[in-house]
file data.tsv (TSV, C-alpha atoms)
chain	number	residue	atom	x	y	z
A	1	MET	CA	0.00	0.00	0.00
A	2	THR	CA	2.81	2.37	0.96
A	3	ARG	CA	4.56	1.58	-2.30
A	4	ILE	CA	1.46	2.47	-4.27
A	5	ILE	CA	1.04	5.72	-2.38
A	6	ARG	CA	4.67	6.64	-2.94
A	7	ASN	CA	4.51	5.73	-6.60
A	8	PRO	CA	5.09	9.01	-8.47
A	9	ILE	CA	2.66	8.07	-11.23
A	10	PHE	CA	-0.09	7.32	-8.71
A	11	ARG	CA	0.56	10.58	-6.95
A	12	PHE	CA	0.58	12.42	-10.25
A	13	VAL	CA	-2.77	10.90	-11.22
A	14	VAL	CA	-4.26	11.74	-7.81
A	15	ARG	CA	-3.08	15.33	-8.01
A	16	TRP	CA	-4.35	15.83	-11.54
A	17	PHE	CA	-7.67	14.13	-10.90
A	18	LEU	CA	-8.36	16.16	-7.79
A	19	GLY	CA	-7.05	19.32	-9.42
A	20	LEU	CA	-9.19	18.96	-12.53
A	21	VAL	CA	-12.31	18.18	-10.49
A	22	PHE	CA	-11.89	21.39	-8.53
A	23	ILE	CA	-10.98	23.43	-11.60
A	24	VAL	CA	-14.24	22.36	-13.26
A	25	ALA	CA	-16.24	22.90	-10.06
A	26	GLY	CA	-14.71	26.35	-9.57
A	27	ILE	CA	-15.23	27.54	-13.15
A	28	GLU	CA	-18.85	26.41	-13.18
A	29	LYS	CA	-19.59	28.34	-10.01
A	30	ILE	CA	-17.59	31.43	-11.00
A	31	ALA	CA	-19.71	31.62	-14.15
A	32	ARG	CA	-22.95	31.90	-12.12
A	33	PRO	CA	-22.27	32.97	-8.53
A	34	ASP	CA	-25.93	33.91	-8.15
A	35	LEU	CA	-26.99	30.31	-8.71
A	36	PHE	CA	-24.30	29.08	-6.35
A	37	ALA	CA	-25.54	31.49	-3.68
A	38	ILE	CA	-29.05	30.08	-4.08
A	39	ALA	CA	-27.74	26.52	-3.87
A	40	VAL	CA	-25.81	27.36	-0.68
A	41	ASP	CA	-28.79	29.17	0.81
A	42	ALA	CA	-30.93	26.09	0.29
A	43	TYR	CA	-28.83	24.29	2.93
A	44	LYS	CA	-29.95	26.92	5.49
A	45	LEU	CA	-26.61	26.74	7.26
A	46	LEU	CA	-25.02	30.12	6.54
A	47	PRO	CA	-26.38	33.48	7.69
A	48	PRO	CA	-27.97	35.24	4.70
A	49	VAL	CA	-25.57	38.18	4.92
A	50	THR	CA	-22.60	35.90	4.23
A	51	LEU	CA	-24.11	34.05	1.28
A	52	ASN	CA	-22.98	36.29	-1.54
A	53	LEU	CA	-19.44	36.68	-0.23
A	54	PHE	CA	-19.24	32.91	0.13
A	55	ALA	CA	-20.54	32.46	-3.41
A	56	ILE	CA	-18.08	35.01	-4.79
A	57	ILE	CA	-14.93	33.77	-3.03
A	58	VAL	CA	-15.22	30.01	-2.50
A	59	PRO	CA	-15.35	29.13	-6.24
A	60	TRP	CA	-12.07	30.98	-6.71
A	61	VAL	CA	-10.57	29.07	-3.78
A	62	GLU	CA	-11.62	25.85	-5.50
A	63	LEU	CA	-10.23	26.97	-8.84
A	64	LEU	CA	-6.88	28.11	-7.44
A	65	CYS	CA	-6.47	24.96	-5.34
A	66	GLY	CA	-7.21	22.92	-8.45
A	67	ILE	CA	-4.69	24.86	-10.56
A	68	PHE	CA	-2.00	24.62	-7.88
A	69	LEU	CA	-2.59	20.88	-7.50
A	70	VAL	CA	-2.23	20.35	-11.23
A	71	ALA	CA	0.81	22.62	-11.37
A	72	GLY	CA	2.33	20.91	-8.34
A	73	VAL	CA	2.83	24.06	-6.29
A	74	TYR	CA	1.59	25.01	-2.82
A	75	LEU	CA	0.42	21.42	-2.46
A	76	ARG	CA	0.26	21.35	1.31
A	77	GLY	CA	-1.67	24.59	1.63
A	78	GLY	CA	-3.92	23.65	-1.27
A	79	SER	CA	-4.62	20.17	0.04
A	80	VAL	CA	-5.36	21.49	3.55
A	81	ILE	CA	-7.88	23.93	2.10
A	82	LEU	CA	-9.47	21.21	-0.02
A	83	MET	CA	-9.72	18.90	2.99
A	84	SER	CA	-11.42	21.69	4.94
A	85	LEU	CA	-13.81	22.43	2.08
A	86	LEU	CA	-14.64	18.77	1.52
A	87	GLY	CA	-15.16	18.24	5.24
A	88	ALA	CA	-17.53	21.19	5.29
A	89	PHE	CA	-19.37	19.88	2.21
A	90	ILE	CA	-19.78	16.46	3.83
A	91	VAL	CA	-21.19	18.01	7.01
A	92	ALA	CA	-23.51	20.26	4.99
A	93	ILE	CA	-24.83	17.42	2.82
A	94	GLY	CA	-25.18	15.12	5.84
A	95	SER	CA	-27.11	17.75	7.75
A	96	ALA	CA	-29.36	18.40	4.74
A	97	LEU	CA	-30.11	14.68	4.56
A	98	LEU	CA	-30.84	14.51	8.29
A	99	ARG	CA	-33.22	17.45	7.98
A	100	GLY	CA	-34.95	15.78	5.04
A	101	LEU	CA	-34.09	18.56	2.59
A	102	THR	CA	-34.48	17.58	-1.03
A	103	ILE	CA	-32.21	20.18	-2.57
A	104	ASP	CA	-29.65	20.41	-5.30
A	105	CYS	CA	-26.13	19.66	-4.15
A	106	GLY	CA	-24.73	22.79	-5.84
A	107	CYS	CA	-21.42	20.96	-6.16
A	108	PHE	CA	-20.70	21.61	-9.83
A	109	GLY	CA	-22.74	24.61	-10.78
A	110	GLU	CA	-25.80	24.63	-12.99
A	111	HIS	CA	-24.70	22.17	-15.68
A	112	TYR	CA	-24.11	19.15	-13.46
A	113	SER	CA	-26.80	19.53	-10.86
A	114	SER	CA	-27.55	16.51	-8.72
A	115	PRO	CA	-29.56	16.09	-5.54
A	116	VAL	CA	-27.94	15.74	-2.15
A	117	GLY	CA	-27.68	12.14	-1.06
A	118	LEU	CA	-25.40	9.42	0.21
A	119	PRO	CA	-23.54	9.12	-3.13
A	120	LYS	CA	-22.47	12.77	-2.79
A	121	ILE	CA	-21.16	12.11	0.71
A	122	LEU	CA	-19.21	9.11	-0.57
A	123	GLU	CA	-17.83	11.14	-3.48
A	124	ASP	CA	-16.67	13.90	-1.19
A	125	THR	CA	-15.23	11.41	1.30
A	126	GLY	CA	-13.25	9.78	-1.51
A	127	MET	CA	-11.89	13.16	-2.58
A	128	LEU	CA	-11.10	14.00	1.03
A	129	VAL	CA	-8.96	10.85	1.22
A	130	LEU	CA	-7.20	11.85	-2.01
A	131	ALA	CA	-6.53	15.34	-0.66
A	132	LEU	CA	-5.15	13.75	2.51
A	133	LEU	CA	-2.86	11.62	0.36
A	134	VAL	CA	-1.57	14.69	-1.44
A	135	PHE	CA	-0.94	16.36	1.91
A	136	LEU	CA	0.76	13.36	3.50
A	137	THR	CA	2.98	12.47	0.57
A	138	ARG	CA	3.91	16.12	0.10
A	139	ASN	CA	4.15	15.39	-3.55
A	140	GLY	CA	6.68	17.69	-5.15
A	141	ASP	CA	8.13	18.89	-1.89
A	142	ALA	CA	11.84	18.76	-1.20
A	143	GLU	CA	10.96	16.59	1.80
A	144	SER	CA	9.07	13.98	-0.16
A	145	ALA	CA	10.28	10.42	-0.33
A	146	GLU	CA	11.97	10.97	-3.67
A	147	GLY	CA	13.49	14.23	-2.49
A	148	GLY	CA	12.58	16.11	-5.67
A	149	SER	CA	12.63	19.89	-5.85
A	150	SER	CA	9.46	21.87	-5.27
A	151	GLY	CA	7.38	22.31	-8.38
A	152	GLY	CA	5.88	18.89	-9.06
A	153	SER	CA	7.84	15.69	-9.38
A	154	LEU	CA	6.75	14.73	-12.86
A	155	HIS	CA	6.88	18.28	-14.16
A	156	SER	CA	10.38	18.76	-12.97
A	157	ALA	CA	11.48	15.27	-14.00
B	1	MET	CA	9.84	28.89	-5.60
B	2	LYS	CA	10.26	30.10	-2.06
B	3	LYS	CA	9.09	27.49	0.41
B	4	LEU	CA	6.24	28.60	2.62
B	5	SER	CA	4.71	26.96	5.64
B	6	THR	CA	1.41	25.15	5.13
B	7	GLY	CA	-0.50	27.94	6.86
B	8	LYS	CA	1.14	30.63	4.72
B	9	GLU	CA	0.43	28.66	1.55
B	10	ALA	CA	-3.23	28.34	2.53
B	11	ALA	CA	-3.43	32.01	3.48
B	12	LEU	CA	-1.87	32.99	0.16
B	13	ILE	CA	-4.39	30.92	-1.81
B	14	ILE	CA	-7.31	32.34	0.14
B	15	GLY	CA	-5.97	35.88	-0.18
B	16	ILE	CA	-5.60	35.60	-3.96
B	17	SER	CA	-9.08	34.07	-4.15
B	18	VAL	CA	-10.61	36.95	-2.22
B	19	VAL	CA	-8.97	39.51	-4.49
B	20	LEU	CA	-9.89	37.69	-7.70
B	21	GLY	CA	-13.42	36.99	-6.51
B	22	LEU	CA	-14.10	40.61	-5.58
B	23	LEU	CA	-12.52	41.91	-8.79
B	24	THR	CA	-14.42	39.58	-11.10
B	25	ASN	CA	-17.65	40.34	-9.27
B	26	ALA	CA	-17.04	44.08	-9.49
B	27	PHE	CA	-16.51	43.89	-13.25
B	28	SER	CA	-19.21	41.29	-13.87
B	29	ALA	CA	-22.23	42.18	-16.03
B	30	LYS	CA	-24.47	41.02	-13.16
B	31	PRO	CA	-22.51	41.71	-9.97
B	32	LEU	CA	-23.80	40.23	-6.76
B	33	PRO	CA	-24.20	42.69	-3.89
B	34	LEU	CA	-21.61	41.75	-1.25
B	35	ILE	CA	-24.26	42.00	1.42
B	36	PRO	CA	-27.53	40.78	-0.04
B	37	SER	CA	-30.58	42.92	0.48
B	38	GLN	CA	-32.84	41.40	3.06
B	39	ALA	CA	-36.10	40.28	1.59
B	40	ARG	CA	-38.89	41.64	3.72
B	41	ASN	CA	-42.16	39.80	3.83
B	42	VAL	CA	-45.33	41.75	4.40
B	43	ALA	CA	-48.54	39.87	5.01
B	44	VAL	CA	-51.40	41.55	3.21
B	45	SER	CA	-54.66	42.06	5.08
B	46	ASP	CA	-58.03	41.15	3.61
B	47	GLU	CA	-59.04	44.81	3.86
B	48	SER	CA	-56.22	46.01	1.69
B	49	LEU	CA	-56.77	43.17	-0.77
B	50	PHE	CA	-60.52	43.16	-1.04
B	51	GLY	CA	-61.60	46.39	0.63
B	52	ALA	CA	-59.41	48.59	-1.52
B	53	PRO	CA	-60.06	48.61	-5.23
B	54	VAL	CA	-58.08	45.59	-6.20
B	55	ARG	CA	-58.92	45.33	-9.85
B	56	GLY	CA	-61.83	43.03	-10.36
B	57	SER	CA	-62.67	42.46	-6.73
B	58	ASP	CA	-65.57	44.86	-6.55
B	59	THR	CA	-66.25	45.46	-10.19
B	60	PRO	CA	-66.99	42.97	-12.90
B	61	ALA	CA	-63.75	41.25	-13.74
B	62	PRO	CA	-62.15	42.21	-17.01
B	63	PRO	CA	-61.20	39.36	-19.29
B	64	PRO	CA	-57.71	37.99	-18.90
B	65	VAL	CA	-55.14	39.98	-20.85
B	66	LYS	CA	-54.28	38.48	-24.16
B	67	ARG	CA	-50.96	39.24	-25.75
B	68	SER	CA	-52.55	40.43	-28.95
B	69	ASP	CA	-54.61	43.00	-27.02
B	70	ALA	CA	-51.78	44.19	-24.89
B	71	VAL	CA	-50.33	47.67	-24.96
B	72	LYS	CA	-46.98	47.63	-26.67
B	73	VAL	CA	-45.37	50.86	-25.54
B	74	ILE	CA	-45.53	51.14	-21.79
B	75	ALA	CA	-42.61	53.36	-21.01
B	76	PRO	CA	-39.97	55.33	-22.86
B	77	LEU	CA	-37.18	53.10	-24.09
B	78	HIS	CA	-39.49	50.13	-23.79
B	79	ASP	CA	-39.06	49.08	-27.41
B	80	GLN	CA	-35.34	49.40	-27.03
B	81	ALA	CA	-35.47	47.22	-23.93
B	82	LEU	CA	-37.55	44.67	-25.78
B	83	LYS	CA	-34.90	44.47	-28.44
B	84	ASN	CA	-32.24	43.86	-25.83
B	85	PRO	CA	-33.81	41.90	-22.99
B	86	ASP	CA	-30.43	41.20	-21.41
B	87	SER	CA	-29.96	44.85	-20.53
B	88	THR	CA	-33.24	44.90	-18.69
B	89	ALA	CA	-32.57	41.55	-17.09
B	90	ALA	CA	-29.28	42.92	-15.79
B	91	ALA	CA	-31.00	46.03	-14.52
B	92	ALA	CA	-33.65	43.93	-12.85
B	93	ALA	CA	-31.00	41.82	-11.18
B	94	SER	CA	-29.14	44.82	-9.85
B	95	PRO	CA	-29.34	45.26	-6.11
B	96	ARG	CA	-32.01	47.46	-4.65
B	97	LYS	CA	-31.97	48.77	-1.14
B	98	GLU	CA	-35.02	46.95	0.07
B	99	GLU	CA	-37.11	44.15	-1.31
B	100	THR	CA	-40.63	43.87	-0.01
B	101	THR	CA	-42.63	40.82	-0.90
B	102	LYS	CA	-46.36	40.98	-0.36
B	103	ILE	CA	-47.41	37.64	1.05
B	104	ILE	CA	-50.91	36.20	0.76
B	105	PHE	CA	-52.42	33.08	2.24
B	106	LEU	CA	-54.47	30.31	0.70
B	107	ALA	CA	-57.91	31.81	1.32
B	108	GLN	CA	-56.79	35.14	-0.16
B	109	PHE	CA	-55.11	33.39	-3.08
B	110	ARG	CA	-58.25	31.42	-3.90
B	111	ARG	CA	-60.52	34.44	-3.55
B	112	LEU	CA	-58.33	36.52	-5.85
B	113	MET	CA	-58.22	33.64	-8.33
B	114	LYS	CA	-61.99	33.48	-8.31
B	115	ASP	CA	-62.79	37.20	-8.29
B	116	ALA	CA	-60.04	39.05	-10.01
B	117	HIS	CA	-58.84	36.95	-12.98
B	118	PRO	CA	-55.20	37.37	-12.06
B	119	LEU	CA	-52.17	36.30	-13.99
B	120	ILE	CA	-50.95	33.28	-12.00
B	121	ILE	CA	-47.31	32.30	-12.29
B	122	ASP	CA	-45.84	29.03	-11.09
B	123	GLY	CA	-42.13	29.69	-10.51
B	124	ARG	CA	-41.13	26.04	-10.15
B	125	GLU	CA	-39.22	23.89	-12.61
B	126	SER	CA	-41.16	22.64	-15.62
B	127	ASP	CA	-41.08	19.03	-14.36
B	128	ALA	CA	-42.78	19.97	-11.11
B	129	TYR	CA	-45.26	22.14	-13.00
B	130	ALA	CA	-46.09	19.31	-15.39
B	131	LYS	CA	-46.84	16.95	-12.50
B	132	GLY	CA	-49.44	19.32	-11.11
B	133	HIS	CA	-50.14	23.02	-10.82
B	134	VAL	CA	-52.85	25.45	-9.91
B	135	LYS	CA	-55.46	25.65	-12.63
B	136	GLY	CA	-54.73	28.52	-14.97
B	137	ALA	CA	-51.15	29.03	-13.79
B	138	HIS	CA	-48.44	29.77	-16.33
B	139	ASN	CA	-45.02	28.30	-15.74
B	140	ALA	CA	-42.04	30.66	-15.53
B	141	TYR	CA	-39.04	29.02	-13.92
B	142	GLY	CA	-37.69	31.51	-11.40
B	143	LEU	CA	-34.05	30.98	-12.28
B	144	GLU	CA	-34.76	31.82	-15.91
B	145	ILE	CA	-37.37	34.47	-15.34
B	146	GLU	CA	-35.50	36.98	-17.51
B	147	HIS	CA	-36.29	34.73	-20.49
B	148	TYR	CA	-39.95	35.69	-20.01
B	149	PHE	CA	-39.24	39.39	-20.21
B	150	GLU	CA	-40.78	39.86	-23.64
B	151	ARG	CA	-43.93	38.01	-22.61
B	152	LEU	CA	-44.29	39.93	-19.36
B	153	ALA	CA	-43.29	43.36	-20.56
B	154	VAL	CA	-46.24	43.65	-22.95
B	155	LEU	CA	-48.73	43.26	-20.10
B	156	PRO	CA	-50.18	46.31	-18.33
B	157	LYS	CA	-48.05	47.07	-15.33
B	158	ASP	CA	-51.04	47.05	-12.97
B	159	THR	CA	-51.99	43.50	-13.90
B	160	LEU	CA	-52.80	41.53	-10.78
B	161	VAL	CA	-50.09	38.87	-10.55
B	162	LEU	CA	-50.17	35.94	-8.15
B	163	VAL	CA	-46.96	33.96	-7.86
B	164	TYR	CA	-46.29	30.72	-6.08
B	165	CYS	CA	-43.51	28.22	-5.69
B	166	THR	CA	-43.16	25.02	-3.67
B	167	ASN	CA	-43.20	26.37	-0.11
B	168	PRO	CA	-41.79	29.29	1.91
B	169	GLU	CA	-38.28	27.85	1.59
B	170	CYS	CA	-38.45	28.11	-2.19
B	171	HIS	CA	-36.62	31.04	-3.79
B	172	LEU	CA	-38.08	30.70	-7.23
B	173	GLY	CA	-41.30	32.54	-6.47
B	174	ARG	CA	-39.40	35.44	-4.92
B	175	MET	CA	-37.16	35.60	-7.97
B	176	VAL	CA	-40.28	36.01	-10.11
B	177	THR	CA	-41.79	38.70	-7.87
B	178	GLU	CA	-38.50	40.61	-7.61
B	179	PHE	CA	-37.94	40.51	-11.37
B	180	MET	CA	-41.47	41.63	-12.13
B	181	THR	CA	-41.24	44.42	-9.57
B	182	ALA	CA	-37.98	45.51	-11.14
B	183	ILE	CA	-39.54	45.76	-14.59
B	184	GLY	CA	-42.40	47.84	-13.25
B	185	PHE	CA	-45.24	45.58	-12.13
B	186	THR	CA	-47.01	47.02	-9.13
B	187	ASN	CA	-49.66	44.51	-8.17
B	188	ILE	CA	-47.80	41.32	-7.32
B	189	TYR	CA	-48.51	38.90	-4.49
B	190	LEU	CA	-46.66	35.80	-3.45
B	191	TYR	CA	-48.66	32.85	-2.18
B	192	ASP	CA	-45.86	31.77	0.13
B	193	ASP	CA	-47.17	28.37	1.21
B	194	GLY	CA	-46.99	27.45	-2.45
B	195	TRP	CA	-47.78	24.15	-4.04
B	196	ASP	CA	-47.22	22.26	-0.78
B	197	GLY	CA	-49.88	24.39	0.90
B	198	TRP	CA	-52.24	23.91	-2.02
B	199	GLU	CA	-51.82	20.14	-1.99
B	200	LYS	CA	-52.04	19.97	1.81
B	201	ALA	CA	-55.43	21.65	1.59
B	202	GLY	CA	-56.56	18.88	-0.73
B	203	LEU	CA	-57.11	21.22	-3.66
B	204	PRO	CA	-57.08	19.86	-7.19
B	205	ALA	CA	-53.94	19.58	-9.28
B	206	ASP	CA	-54.19	20.56	-12.90
B	207	THR	CA	-51.84	18.95	-15.39
B	208	THR	CA	-53.02	20.47	-18.64
B	209	GLY	CA	-50.51	23.32	-18.73
B	210	VAL	CA	-51.26	26.88	-19.76
B	211	PRO	CA	-49.34	28.28	-22.73
B	212	TRP	CA	-48.05	31.84	-22.60

call {"tool": "encode", "arguments": {"input": "data.tsv", "output": "structure tokens"}}
result
Amino acid sequence: MTRIIRNPIFRFVVRWFLGLVFIVAGIEKIARPDLFAIAVDAYKLLPPVTLNLFAIIVPWVELLCGIFLVAGVYLRGGSVILMSLLGAFIVAIGSALLRGLTIDCGCFGEHYSSPVGLPKILEDTGMLVLALLVFLTRNGDAESAEGGSSGGSLHSA
Amino acid sequence: MKKLSTGKEAALIIGISVVLGLLTNAFSAKPLPLIPSQARNVAVSDESLFGAPVRGSDTPAPPPVKRSDAVKVIAPLHDQALKNPDSTAAAAASPRKEETTKIIFLAQFRRLMKDAHPLIIDGRESDAYAKGHVKGAHNAYGLEIEHYFERLAVLPKDTLVLVYCTNPECHLGRMVTEFMTAIGFTNIYLYDDGWDGWEKAGLPADTTGVPW
């Protein structure tokens, strides 16, 4: 298992997969922040005054984290943010399910709408594990197992 | 690249995101207000609805407005706005200081339906509308309400409009009322309990659909 995790190709695939998912999610939401604000409001978890700021800023956080993951820079900071976001998404979806809300997940903007449900929690949990892997393996860091320079192991190879 | 601690990396990403988010919003065609205006609900009393001259309540009801009979020029620049609905949609979406939504309840909704020949708008998605709606209601999905600009703009601005959605948690009805208020309609009421309230009262569901 450790060998797989330390495999540079595996780590590269994990980084790119996670990065591309968040790039797509971010772009979709940046295109229509008003719809994202409505989707977030449907969860009834955030105070209304914070909704628009959340809808304006969080998609950019997702996009930048995605870009940095793909580029192989700021991996630890990016993966910590993604873990926090995914944790928050899991709590939000779980609480919506417990409250019996039948609402759109709001995960990927207007073009890929899907209702909240257990599959969404499993998806986010899977991505949380991947983000944790990126953080733990410090892929691209000077301290990583391969001791490569910062900037992404396969990019710099 | 200079090595930063995890916290500094995260702070940098969030900082850049804040700047980019605020900048793109500021230069967006439809910027979101940073602090959303608080929608204010005002329950409407029976006296103000039926005691005051709500059109059709005390006098014989006029026939429903047909598009072919409708007045075409309602305000200066109206034709120009019709040619470019996006400009008006953007203007309608722009923040206003205070939104007031006039809320009515089921008995008032039914009485207005019966007495005043209102324009009834179902703000839900077309699937939900197709499964069942209030008889005579037109469907205008709240998220795409600007697409109905040309159909709405030709109606007299004092047309009595009753809007409903699924329930008080539903935003779609408010999006319809806010848009219509922004383009000049003055006589709009939201039946806030919506389709859930209608069904709960055991009232009939119509599935025939009403074309615009």

call {"tool": "interface_residues", "arguments": {"input": "data.tsv", "of": "chain B", "to": "chain A", "cutoff": "9 Å", "atoms": "all atoms listed in the file", "output": "PyMOL selection string"}}
result
chain B and resi 1-22+24-25+30-38+143+169-171

call {"tool": "axis_aligned_box", "arguments": {"input": "data.tsv", "around": "segment 114-126 of chain B", "padding_each_side": "5 Å", "output": "JSON"}}
result
{"center_x": -51.0, "center_y": 30.8, "center_z": -12.0, "size_x": 33.6, "size_y": 26.4, "size_z": 17.3}

call {"tool": "closest_residue", "arguments": {"input": "data.tsv", "among": "B:Trp212, B:Lys114, B:Ala130, B:Phe105", "to": "Glu150 of chain B", "atoms": "all atoms listed in the file"}}
result
B:Trp212

call {"tool": "atom_distance", "arguments": {"input": "data.tsv", "atom1": "atom CA of Ile103 of chain A", "atom2": "atom CA of Tyr129 of chain B"}}
result
16.8 Å

call {"tool": "atom_distance", "arguments": {"input": "data.tsv", "atom1": "atom CA of Ser126 of chain B", "atom2": "atom CA of Thr208 of chain B"}}
result
12.4 Å

call {"tool": "atom_distance", "arguments": {"input": "data.tsv", "atom1": "atom CA of Pro156 of chain B", "atom2": "atom CA of Glu178 of chain B"}}
result
16.8 Å

call {"tool": "residues_near_point", "arguments": {"input": "data.tsv", "point": "(-12.9, 15.7, -4.5)", "cutoff": "7 Å", "atoms": "only C-alpha atoms", "output": "list in words"}}
result
Leu18, Val21, Leu86, Glu123, Asp124, Gly126, Met127 and Leu128 of chain A

call {"tool": "closest_residue", "arguments": {"input": "data.tsv", "among": "B:Leu155, B:Thr181, B:Ala29, B:Gln108", "to": "Glu47 of chain B", "atoms": "all atoms listed in the file"}}
result
B:Gln108

call {"tool": "residues_around", "arguments": {"input": "data.tsv", "residues": "Val134 of chain A", "least_positions_apart": "2", "cutoff": "9 Å", "atoms": "all atoms listed in the file", "output": "number ranges by chain"}}
result
A: 11, 14-15, 69, 75-76, 79, 129-132, 136-139

call {"tool": "write_last_selection", "arguments": {"input": "data.tsv", "atoms": "C-alpha atoms", "output": "mmCIF file, in the frame of the given file"}}
result
data_model
loop_
_atom_site.group_PDB
_atom_site.id
_atom_site.type_symbol
_atom_site.label_atom_id
_atom_site.label_comp_id
_atom_site.auth_asym_id
_atom_site.auth_seq_id
_atom_site.Cartn_x
_atom_site.Cartn_y
_atom_site.Cartn_z
ATOM 1 C CA ARG A 11 0.560 10.580 -6.950
ATOM 2 C CA VAL A 14 -4.260 11.740 -7.810
ATOM 3 C CA ARG A 15 -3.080 15.330 -8.010
ATOM 4 C CA LEU A 69 -2.590 20.880 -7.500
ATOM 5 C CA LEU A 75 0.420 21.420 -2.460
ATOM 6 C CA ARG A 76 0.260 21.350 1.310
ATOM 7 C CA SER A 79 -4.620 20.170 0.040
ATOM 8 C CA VAL A 129 -8.960 10.850 1.220
ATOM 9 C CA LEU A 130 -7.200 11.850 -2.010
ATOM 10 C CA ALA A 131 -6.530 15.340 -0.660
ATOM 11 C CA LEU A 132 -5.150 13.750 2.510
ATOM 12 C CA LEU A 136 0.760 13.360 3.500
ATOM 13 C CA THR A 137 2.980 12.470 0.570
ATOM 14 C CA ARG A 138 3.910 16.120 0.100
ATOM 15 C CA ASN A 139 4.150 15.390 -3.550
#

call {"tool": "closest_residue", "arguments": {"input": "data.tsv", "among": "B:Ile104, B:Ala137, B:Met180, B:Ala201", "to": "Thr159 of chain B", "atoms": "only C-alpha atoms"}}
result
B:Met180

call {"tool": "closest_residue", "arguments": {"input": "data.tsv", "among": "A:Phe22, A:Tyr43, A:Trp16, A:Phe10", "to": "Ser95 of chain A", "atoms": "all atoms listed in the file"}}
result
A:Tyr43
